[in-house]
Amino acid sequence: MTQPGTVRVGPAGAPVRQASLREHNLALVLRQVAAGVDGRPPSRADIAAATGLTRATVSALVDDLIGGRLLTEVEPVPRTGAGRPAQGLALAGDGPAGLGLEINVDYLAACVMDLTGAVRHREVRRTDLRPVPAADALARLAELAGRARATARGQGLLLAGTTLAVPGLVTAAGVVRLAPNLGWHDIDVPAILAAGARATDRAAPAAPTLQVENEANLAALGELHAGPSGPATFIYISGEIGIGAGIVLHGELFRGARGWSGELGHIPVHPDGIDCRCGGRGCLERYAGQEAILAAAGLTGPPLPADAAIARLVELAERADPAALGALDAAGTAIGVAVAGVINLLDVDTVLLGGVYAPLARWLAPPVQAEIRRRVLTAAWSPVTVQPARLGADAAVLGAAGSVVRGVLAHPARWLTGAG
């Protein structure tokens with residue numbers, strides 16, 4: 001095993017710097033602590049045994065991680081042999097944290113997650129943003145972000161970054177090329193949101209690094225990392241006023257050539273059907289989006305917040321209301337038609353129903369599965385599981401905050417440098 005302080009040659013023949021080895025080893029130690037040993041916090045000796053690093057090297061790395069508030073010492077690890085019990089190590093809950101934000105058609109959300117994955121702050125504001133200019137909508141979001149940052153500071157947390165979930169096509173620079181249900185075209189979100197954050201929260205010396213990502217992609221990543229028992233290959237369907245999809249293949253998010261994969265809501269299920277806001281016709285979201293389902297169920301009276309309207313729909317479906325059941329069956333059939341094409345193309349074996357679809361999965365899943373059985377070539381011998389997503393309506397904002405946390409865990413040296 002090559003130890004820090006030596007120079008080894010990389011795959012292309014170039015020497016690897018000592019700093020690079022330290023960065024690698026810091027991340028290696030942090031991963032070992034996050035994974036634990038047989039369900040308990042590992043000791044320094046456990047980490048040395050698992051990684052092949054010397055105890056002296058591990059001890060020095062652990063000291064750096066503790067000093068950077070990434071690790072903390074916990075109760076000594078039980079042992080059966082002689083000698084003093086070894087101190088256990090755990091991820092620190094009072095150090096760096098991630099700020100997740102979400103802007104959707106009818107709500108805004110903010111979430112702070114610490115390094116252990118615990119949610120330390122969450123706020124959702126219901127509001128229809130379709131008639132609101134992008135700058136004003138982002139100014140409202142900046143207010144939520146300011147309160148979240150203030151709460152984090154009050155709890156002694158240090159925000160390592162911010163990730164924003166948006167229902168649209170996002171470039172690598174964070175520009176929203178198109179969000180049809182918001183009416184956004186070429187909106188430079190980082191510039192607008194940073195200005196709003198500075199105006200709302202003058203106490204903050206600087207806004208944390210901002211990343212902007214499609215909300216369905218972040219929701220899919222949230223589901224992927226929600227626990228060890230979930231699938232590694234799946235399509236996550238985000239059911240809101242619009243419909244998006246996050247595609248995960250073998251534990252990796254599939255983004256496509258330009259990062260714009262997953263626009264399931266704009267797959268035509270009736271090619272000569274209803275006009276869509278995107279300019280196409282017969283798109284899935286016109287038949288299975290939140291508003292389409294509620295309208296078909298007869299819930300078109302005085303406007304209700306989406307969560308209240310969906311709760312009302314669940315009540316009607318549980319009472320076997322014909323209109324509610326018919327609306328859910330029609331929506332599930334349309335979803336199944338679109339998803340069957342994705343399965344034929346990508347060979348995914350799990351479909352997760354997220355967003356407003358999660359509480360409706362009991363009624364949506366059967367017609368989705370019926371269309372998969374009918375239309376997927378391999379369905380007879382390769383069944384596909386259709387189930388509700390575990391994170392429900394919070395998946396995107398949790399996935400956003402979690403993406404910041406995972407960035408710290410993957411590259412702790414960057415945090416130690418920035419925090420020092």
# chains A, B, ... in the order shown; residues from 1 in each chain; ligands from 1
>>> residues_around(residues="A:Val356", least_positions_apart="2", cutoff="8 Å", atoms="only C-alpha atoms", output="ChimeraX atom specification")
/A:238-240,290,307,310,354,358-360,392-393
>>> select_by_dssp(residues="stretch 71-311 of chain A", states="strand (DSSP E)", output="count of residues only")
79
>>> closest_residue(among="A:Pro133, A:Arg258, A:Gly154, A:Thr233", to="A:His185", atoms="only C-alpha atoms")
A:Pro133
>>> closest_residue(among="A:Gly298, A:Pro41, A:Gly402, A:Gly222", to="A:Arg312", atoms="only C-alpha atoms")
A:Gly298
>>> atom_distance(atom1="atom CA of A:Arg414", atom2="atom CA of A:Glu23")
8.3 Å
>>> residues_around(residues="A:Asp63", least_positions_apart="5", cutoff="12 Å", atoms="only C-alpha atoms", output="NGL selection string")
:A and (26 or 29-30 or 44 or 56-58 or 68-73 or 89 or 416)
>>> write_last_selection(atoms="N, CA and C atoms", output="compact mmCIF listing (two decimals), in the first residue's frame")
# COMPACT_ATOMS: atom_id res chain seq x y z
N LEU A 26 -8.55 11.32 2.91
CA LEU A 26 -9.57 11.98 3.73
C LEU A 26 -10.97 11.48 3.36
N VAL A 29 -11.43 7.81 4.55
CA VAL A 29 -11.74 7.70 5.98
C VAL A 29 -13.17 8.12 6.26
N LEU A 30 -13.59 9.21 5.64
CA LEU A 30 -14.95 9.70 5.88
C LEU A 30 -15.99 8.69 5.42
N ARG A 44 -10.53 4.26 15.17
CA ARG A 44 -9.39 4.49 14.29
C ARG A 44 -8.76 3.18 13.84
N ALA A 56 -1.06 5.57 12.32
CA ALA A 56 -0.60 6.95 12.46
C ALA A 56 -1.23 7.84 11.39
N THR A 57 -1.31 7.32 10.15
CA THR A 57 -1.92 8.09 9.07
C THR A 57 -3.41 8.31 9.35
N VAL A 58 -4.09 7.25 9.77
CA VAL A 58 -5.51 7.37 10.07
C VAL A 58 -5.74 8.37 11.19
N GLY A 68 -12.15 19.99 11.40
CA GLY A 68 -13.00 20.62 10.39
C GLY A 68 -14.48 20.41 10.64
N ARG A 69 -14.84 19.82 11.77
CA ARG A 69 -16.24 19.58 12.16
C ARG A 69 -16.96 18.64 11.19
N LEU A 70 -16.20 17.71 10.63
CA LEU A 70 -16.79 16.67 9.79
C LEU A 70 -17.01 15.38 10.56
N LEU A 71 -16.18 15.12 11.56
CA LEU A 71 -16.31 13.95 12.40
C LEU A 71 -16.40 14.37 13.86
N THR A 72 -16.95 13.48 14.67
CA THR A 72 -16.99 13.69 16.11
C THR A 72 -16.72 12.35 16.80
N GLU A 73 -16.16 12.41 17.99
CA GLU A 73 -15.93 11.20 18.76
C GLU A 73 -17.17 10.89 19.58
N LEU A 89 -16.16 6.79 16.18
CA LEU A 89 -16.21 7.98 15.34
C LEU A 89 -17.54 8.01 14.59
N LEU A 416 -12.40 21.40 4.06
CA LEU A 416 -11.40 21.77 5.07
C LEU A 416 -10.61 23.00 4.63
